[in-house]
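Please read the structure below before turning to the comments.
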Amino acid sequence: MTINYDAYEIVIGLEVHAQLLTRTKLFCGDSAAFGGEPNTHVSPITLGLPGSLPRLNGKAVEFAIKMGLTCHCEIERNNYFARKNYFYPDLPKGYQTSQHTTPVCKGGWVRIRTTAGERDIRLNRIHLEEDAGKSIHDVIPDATAIDLNRAGVPLIEIVTEPDLRSGDEAYAYLTELRKTLRYLDICDGNMEEGSMRCDANISVRLKGETRLGTKVEVKNLNSIRNVRRAIEIESRRLIELVATGQTVQQQTRSFDAAEGTTFALRTKEEANDYRYFTDPDLPPFQVTDAFLESIKASIPPLPEQLVQKYTRELQLPEYDARVICDDRDSAAYFEQLITHTTNYKAAANWLLGPVRSGLNEKSMDWKDLPVRPESLARLIRLVEEGGLSFSIAAERIFPVLMSEPHRDALEIATALNLIQSSDTSEIAAWIEQALAGMPDKVSEYKKGKKGLIGLFVGEVKKLSKGKADPKLTNQLLLEKLEN
Amino acid sequence: MEVNDALIDNLSNLARLEFNASEKESIKKDLEKMIHFVEKLGELDTTGVEPLLHMSPEINVLREDIPQGSVSREAALSCAPVTDGQYFEVPKVIRK
C-alpha cells in the first residue's frame with residue numbers, strides 16, 4: 001500500500017542540556033573545565049563520600065536566570081533542589097541533584113525563523129541540575145572505566161512544549177537557542193564535544209487530531225543537522241507504523257548517524273520510579289529583586305536588538321544584519337569596526353565578503369581574526385577615497401593583512417605598487433596605448449557603437465594592472481573619443 | 001497503606017538489595033510500624049497550610065565560583081575497589 005505521509009502531523013518536543021561556563025561545579029569547587037586528566041577534578045562532594053556537604057554555586061544560578069530572562073520565562077523566587085534517585089556507575093551519590101518541583105524558570109518562548117516565516121516555540125521550563133560522570137567502554141578490556149571529572153558540572157535543562165512540527169523547525173530552534181547561549185556567554189554550545197546535548201521526543205498523529213500519539217525519545221544526537229535528520233527518519237518510521245495499523249511502543253531510541261536509522265535502547269514497560277524528594281543538604285535559595293535586577297543589567301545586546309540597530313540606525317539590508325549577527329564574534333567585530341568607520345554598508349560588505357572567505361580559507365573562527373578592526377577600517381577608507389579599487393583591496397591587500405596583521409594597508413599598497421593612479425598623463429598614456437592596439441574598434445565606436453566603451457576601459461585596466469582610476473579613465477576616454 | 005510482599009519486593013529492587021523470606025518478614029513489621037507512626041500526621045487538618053519543602057531556616061547559602069577543594073587522583077581512587085590508577089573500574093555496562 002502507498003502511505004500518504006502528508007496526512008500526518010509530526011509533533012516534537014526537545015530537551016536540551018547545556019553545560020554552563022562556570023569555572024567550578026554546581027555544588028563544589030572542583031574545576032568544571034572540559035578535558036582534564038581523568039579523575040583529577042574531584043573532591044569528596046563529587047565522589048559522594050559520606051559526610052560531605054554540597055554548597056550551591058551562585059554563578060550557575062545567575063547563568064540559568066540570564067537564560068530564563070532572555071527566553072521570556074517567569075523566574076521562580078523560592079527554589080529548592082530535589083534528589084532524583086537511580087543507580088548508575090557514573091552517578092556516585094546514587095541520585096542526581098536537580099530541580100523537580102521548582103524549576104528556576106517557567107514558561108517562556110523562543111522565536112524561530114524558517115522559510116515559512118516566524119513562530120514562537122513555547123518553553124515548559126528551564127531548570128538547574130548536575131551532570132553525570134563519563135562511562136568509557138573502550139579503554140579497559142572487559143570493564144567500563146569511570147571518569148568523574150564531569151560529575152557535578154552545572155547544566156541547565158531547557159524543555160519545550162510539544163510545539164515543533166518538523167525537522168526544519170527543530171533545526172531552527174536549536175540554532176537560535178545555541179546562538180542565545182553563546183551571546184550570553186553561558187555555554188559554548190559545542191554539540192560535538194557534548195557541552196550542548198539534545199534529546200527529541202517525537203510522535204505522529206493524523207492532521208486534525210488533538211490527542212498526542214505515543215512518543216518515542218531519540219538520543220545520541222551530536223549535531224544540529226543530525227537532530228533534523230533523526231526527526232525526519234524517525235517520524236517516517238512512526239507514520240509507517242501507524243498507517244499500517246501497528247502500535248507505536250513508548251521507547252528510548254538511539255540515532256545511528258552512519259546508517260541513518262534509529263534503534264531501540266530500552267522500552268519503558270516499567271515506569272521509572274525516581275522517588276524525588278527535596279534535598280535536605282541544600283538550603284533553599286531565593287531570588288531577590290536586587291539579584292534579578294543585577295542580572296537583567298548584565299545581559300548584553302542580543303542578536304534581535306543588534307539586527308534592529310543595524311537595519312534602522314545603520315540602514316543595512318536585513319540580510320546583511322542577520323548574517324553578521326548569526327555569530328556572536330562576528331557581531332562583536334562589526335561593533336568594533338563601526339567605531340572606526342561610518343561607511344557601514346562597506347563595512348558589512350567586507351565582513352560578508354573577503355573577511356568571511358579569508359577566515360574560511362584558513363579554517364579560522366571570527367574570534368581568531370588577526371586583522372584588527374582599525375586596520376580594516378583604514379583599508380575601507382583607502383577604497384572609499386579612490387586610492388584602491390575594492391577588488392585590488394580584497395584580493396591583494398587583505399590577504400597580506402591576514403598573514404602580517406601588524407602592517408598598514410597603505411604601506412602594503414605602496415610597496416606592491418597598487419595605489420591607483422589619478423595622474424592624468426599616466427592614464428592618458430595607457431589610453432593611447434590601448435586605442436592604438438585596436439583601430440578597427442575605435443572606428444566602429446566612432447560610427448556609433450557606443451557600447452565598446454566598456455572594452456576600452458577594460459583594456460586600460462589591464463594595461464595599468466588595475467591601477468588606473470576607473471572614473472577618471474572613463475572620463476578621459478570619452479574626451480579622447482568624442483573629439 | 002498496606003505493607004505487603006509486593007511492596008517489599010519493589011523497594012528491594014529499587015535499592016538493589018536482596019532479602020530472604022525471614023528478613024522480609026521482619027522488614028515488613030518494621031515498615032508497618034514506621035508507616036503507622038507517620039500516618040498519625042494525616043489526622044491533622046492542614047487546609048490552607050503551605051507545603052513545607054525544607055526544614056532549614058537558612059536560605060541562599062551560596063558559594064563563589066572559585067576553584068578549590070579538589071583531592072589528588074591517588075586519594076580519590078584509594079577508595080575504589082578496582083582501579084587501573086586512572087579510572088574507577090566497574091563491570092562492563094554495555095555490550096559492544
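Within each chain, counting starts at residue 1; across the C-alpha cells, chains are named A, B, ... in the order shown, with ligands numbered 1 upward in that order.
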
* Pull out every residue of chain A sitting within 7 Å of chain B, counting only C-alpha atoms, and send them as a PyMOL selection string. => chain A and resi 22-24+29-31+38-43+55-59+142-147+278+280+283-286

* Run DSSP on the backbone and grab whatever in chain B lands in helix (DSSP H, G or I); send it over as an NGL selection string. => :B and (5-15 or 21-43 or 73-77)

Write the selection just made, keeping N, CA and C atoms, as a short mmCIF file (atom, residue, chain, number, x, y, z; two decimals), in the first residue's frame?
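For reference, selection.cif as written:
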```cif
data_model
loop_
_atom_site.label_atom_id
_atom_site.label_comp_id
_atom_site.auth_asym_id
_atom_site.auth_seq_id
_atom_site.Cartn_x
_atom_site.Cartn_y
_atom_site.Cartn_z
N ASP B 5 4.16 -8.16 50.41
CA ASP B 5 5.36 -8.68 49.74
C ASP B 5 5.71 -7.89 48.49
N ALA B 6 4.66 -7.50 47.75
CA ALA B 6 4.91 -6.77 46.50
C ALA B 6 5.63 -5.45 46.78
N LEU B 7 5.22 -4.78 47.84
CA LEU B 7 5.86 -3.50 48.20
C LEU B 7 7.32 -3.74 48.59
N ILE B 8 7.55 -4.76 49.41
CA ILE B 8 8.92 -5.07 49.83
C ILE B 8 9.78 -5.43 48.61
N ASP B 9 9.21 -6.21 47.71
CA ASP B 9 9.97 -6.60 46.51
C ASP B 9 10.32 -5.38 45.67
N ASN B 10 9.37 -4.50 45.51
CA ASN B 10 9.62 -3.30 44.71
C ASN B 10 10.70 -2.43 45.36
N LEU B 11 10.59 -2.24 46.66
CA LEU B 11 11.59 -1.42 47.37
C LEU B 11 12.97 -2.08 47.31
N SER B 12 13.01 -3.39 47.46
CA SER B 12 14.31 -4.08 47.40
C SER B 12 14.93 -3.90 46.02
N ASN B 13 14.08 -4.00 45.00
CA ASN B 13 14.57 -3.84 43.65
C ASN B 13 15.12 -2.43 43.43
N LEU B 14 14.38 -1.42 43.90
CA LEU B 14 14.84 -0.03 43.74
C LEU B 14 16.14 0.20 44.50
N ALA B 15 16.31 -0.47 45.64
CA ALA B 15 17.51 -0.28 46.45
C ALA B 15 18.62 -1.24 46.05
N ALA B 21 13.32 -14.87 52.99
CA ALA B 21 11.94 -14.82 53.46
C ALA B 21 11.83 -14.29 54.89
N SER B 22 12.74 -14.75 55.78
CA SER B 22 12.59 -14.30 57.18
C SER B 22 12.97 -12.83 57.34
N GLU B 23 13.98 -12.40 56.53
CA GLU B 23 14.34 -10.97 56.55
C GLU B 23 13.17 -10.12 56.08
N LYS B 24 12.50 -10.60 55.04
CA LYS B 24 11.34 -9.87 54.52
C LYS B 24 10.28 -9.68 55.59
N GLU B 25 10.04 -10.73 56.34
CA GLU B 25 9.02 -10.65 57.40
C GLU B 25 9.36 -9.58 58.42
N SER B 26 10.61 -9.57 58.83
CA SER B 26 10.97 -8.59 59.87
C SER B 26 10.97 -7.16 59.30
N ILE B 27 11.37 -7.02 58.03
CA ILE B 27 11.31 -5.69 57.40
C ILE B 27 9.88 -5.22 57.29
N LYS B 28 9.01 -6.16 56.95
CA LYS B 28 7.59 -5.83 56.81
C LYS B 28 7.06 -5.24 58.12
N LYS B 29 7.41 -5.91 59.24
CA LYS B 29 6.94 -5.44 60.55
C LYS B 29 7.49 -4.04 60.86
N ASP B 30 8.79 -3.87 60.62
CA ASP B 30 9.42 -2.56 60.87
C ASP B 30 8.75 -1.46 60.06
N LEU B 31 8.58 -1.76 58.78
CA LEU B 31 8.00 -0.76 57.88
C LEU B 31 6.59 -0.39 58.31
N GLU B 32 5.82 -1.41 58.68
CA GLU B 32 4.45 -1.16 59.14
C GLU B 32 4.45 -0.18 60.31
N LYS B 33 5.33 -0.44 61.28
CA LYS B 33 5.42 0.43 62.46
C LYS B 33 5.74 1.86 62.05
N MET B 34 6.70 1.99 61.14
CA MET B 34 7.13 3.34 60.72
C MET B 34 6.00 4.07 60.01
N ILE B 35 5.36 3.35 59.10
CA ILE B 35 4.32 4.00 58.31
C ILE B 35 3.14 4.39 59.19
N HIS B 36 2.78 3.52 60.13
CA HIS B 36 1.68 3.87 61.04
C HIS B 36 2.03 5.07 61.89
N PHE B 37 3.27 5.13 62.31
CA PHE B 37 3.73 6.27 63.11
C PHE B 37 3.54 7.58 62.33
N VAL B 38 3.95 7.55 61.06
CA VAL B 38 3.86 8.77 60.25
C VAL B 38 2.42 9.07 59.85
N GLU B 39 1.63 8.01 59.67
CA GLU B 39 0.23 8.21 59.27
C GLU B 39 -0.54 9.02 60.30
N LYS B 40 -0.08 8.98 61.53
CA LYS B 40 -0.69 9.77 62.61
C LYS B 40 -0.83 11.24 62.17
N LEU B 41 0.20 11.72 61.43
CA LEU B 41 0.20 13.12 60.99
C LEU B 41 -0.99 13.44 60.09
N GLY B 42 -1.48 12.40 59.39
CA GLY B 42 -2.59 12.58 58.48
C GLY B 42 -3.86 13.03 59.19
N GLU B 43 -3.90 12.84 60.52
CA GLU B 43 -5.09 13.24 61.26
C GLU B 43 -5.21 14.76 61.38
N ARG B 73 44.26 12.54 42.47
CA ARG B 73 43.67 11.33 41.89
C ARG B 73 43.98 10.10 42.76
N GLU B 74 45.20 10.04 43.28
CA GLU B 74 45.58 8.91 44.12
C GLU B 74 44.60 8.79 45.29
N ALA B 75 44.33 9.96 45.94
CA ALA B 75 43.43 9.94 47.09
C ALA B 75 42.02 9.53 46.65
N ALA B 76 41.58 10.06 45.50
CA ALA B 76 40.22 9.76 45.02
C ALA B 76 40.07 8.27 44.73
N LEU B 77 41.09 7.69 44.12
CA LEU B 77 40.99 6.29 43.72
C LEU B 77 41.31 5.32 44.87
#
```

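For stretch 439-443 of chain A, the set of protein, DNA and RNA residues having any atom at most 12 Å away, when counting only C-alpha atoms and skipping those fewer than 3 positions along the same chain, is Ile431, Glu432, Gln433, Ala434, Leu435, Ala436, Lys446, Lys447, Gly448, Lys449, Lys450, Gly451, Leu452, Ile453, Gly454, Leu455, Phe456, Leu477, Leu478, Lys480, Leu481 and Glu482 of chain A.
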
* Contact residues around stretch 199-210 of chain A with only C-alpha atoms at 8 Å, ignoring same-chain residues under 4 positions, as a ChimeraX atom specification -> /A:7-16,214-221,227,231,234-235,238-239

* To do: Might you pull out every residue within 9 Å of stretch 379-385 of chain A, with only C-alpha atoms counted and same-chain residues fewer than 2 positions away left off, and present them as a list of chain:residue names?
  =>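 What passes the distance filter is A:Thr341, A:Asn343, A:Ala346, A:Ala347, A:Trp350, A:Glu374, A:Ser375, A:Leu376, A:Ala377, A:Gly387, A:Leu388, A:Ser389, A:Phe390, A:Ala393, A:Ile397, A:Phe398, A:Asp408, A:Ala409, A:Leu410.
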
Given the selection you just returned, output its residues as a file containing C-alpha atoms, formatted as a compact mmCIF listing (two decimals), in the first residue's frame.
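Written file, selection_39.txt:
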```
# COMPACT_ATOMS: atom_id res chain seq x y z
CA THR A 341 34.33 53.84 10.04
CA ASN A 343 30.77 53.57 5.88
CA ALA A 346 31.13 48.90 3.03
CA ALA A 347 31.98 47.52 6.48
CA TRP A 350 33.81 43.45 3.82
CA GLU A 374 41.04 49.77 12.90
CA SER A 375 43.32 48.25 10.30
CA LEU A 376 40.37 47.04 8.22
CA ALA A 377 38.75 50.45 8.63
CA GLY A 387 43.28 55.14 -3.80
CA LEU A 388 42.43 51.48 -4.38
CA SER A 389 39.74 49.52 -6.16
CA PHE A 390 37.67 47.18 -3.98
CA ALA A 393 41.99 45.72 -1.84
CA ILE A 397 45.96 43.76 0.23
CA PHE A 398 43.62 41.88 2.57
CA ASP A 408 49.42 49.03 7.35
CA ALA A 409 47.13 48.85 4.33
CA LEU A 410 48.56 51.95 2.65
```

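Across the model, the gap from atom CA of A:Gly107 to atom CA of A:Leu123 is 5.1 Å.
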
* Pick out the residues sitting within 12 Å of A:Ala428, and hand them over as number ranges by chain; count only C-alpha atoms, and ignore anything fewer than 6 positions along from it in its own chain. => A: 421-422, 434-435, 457, 460, 463-464, 468-469, 472-481
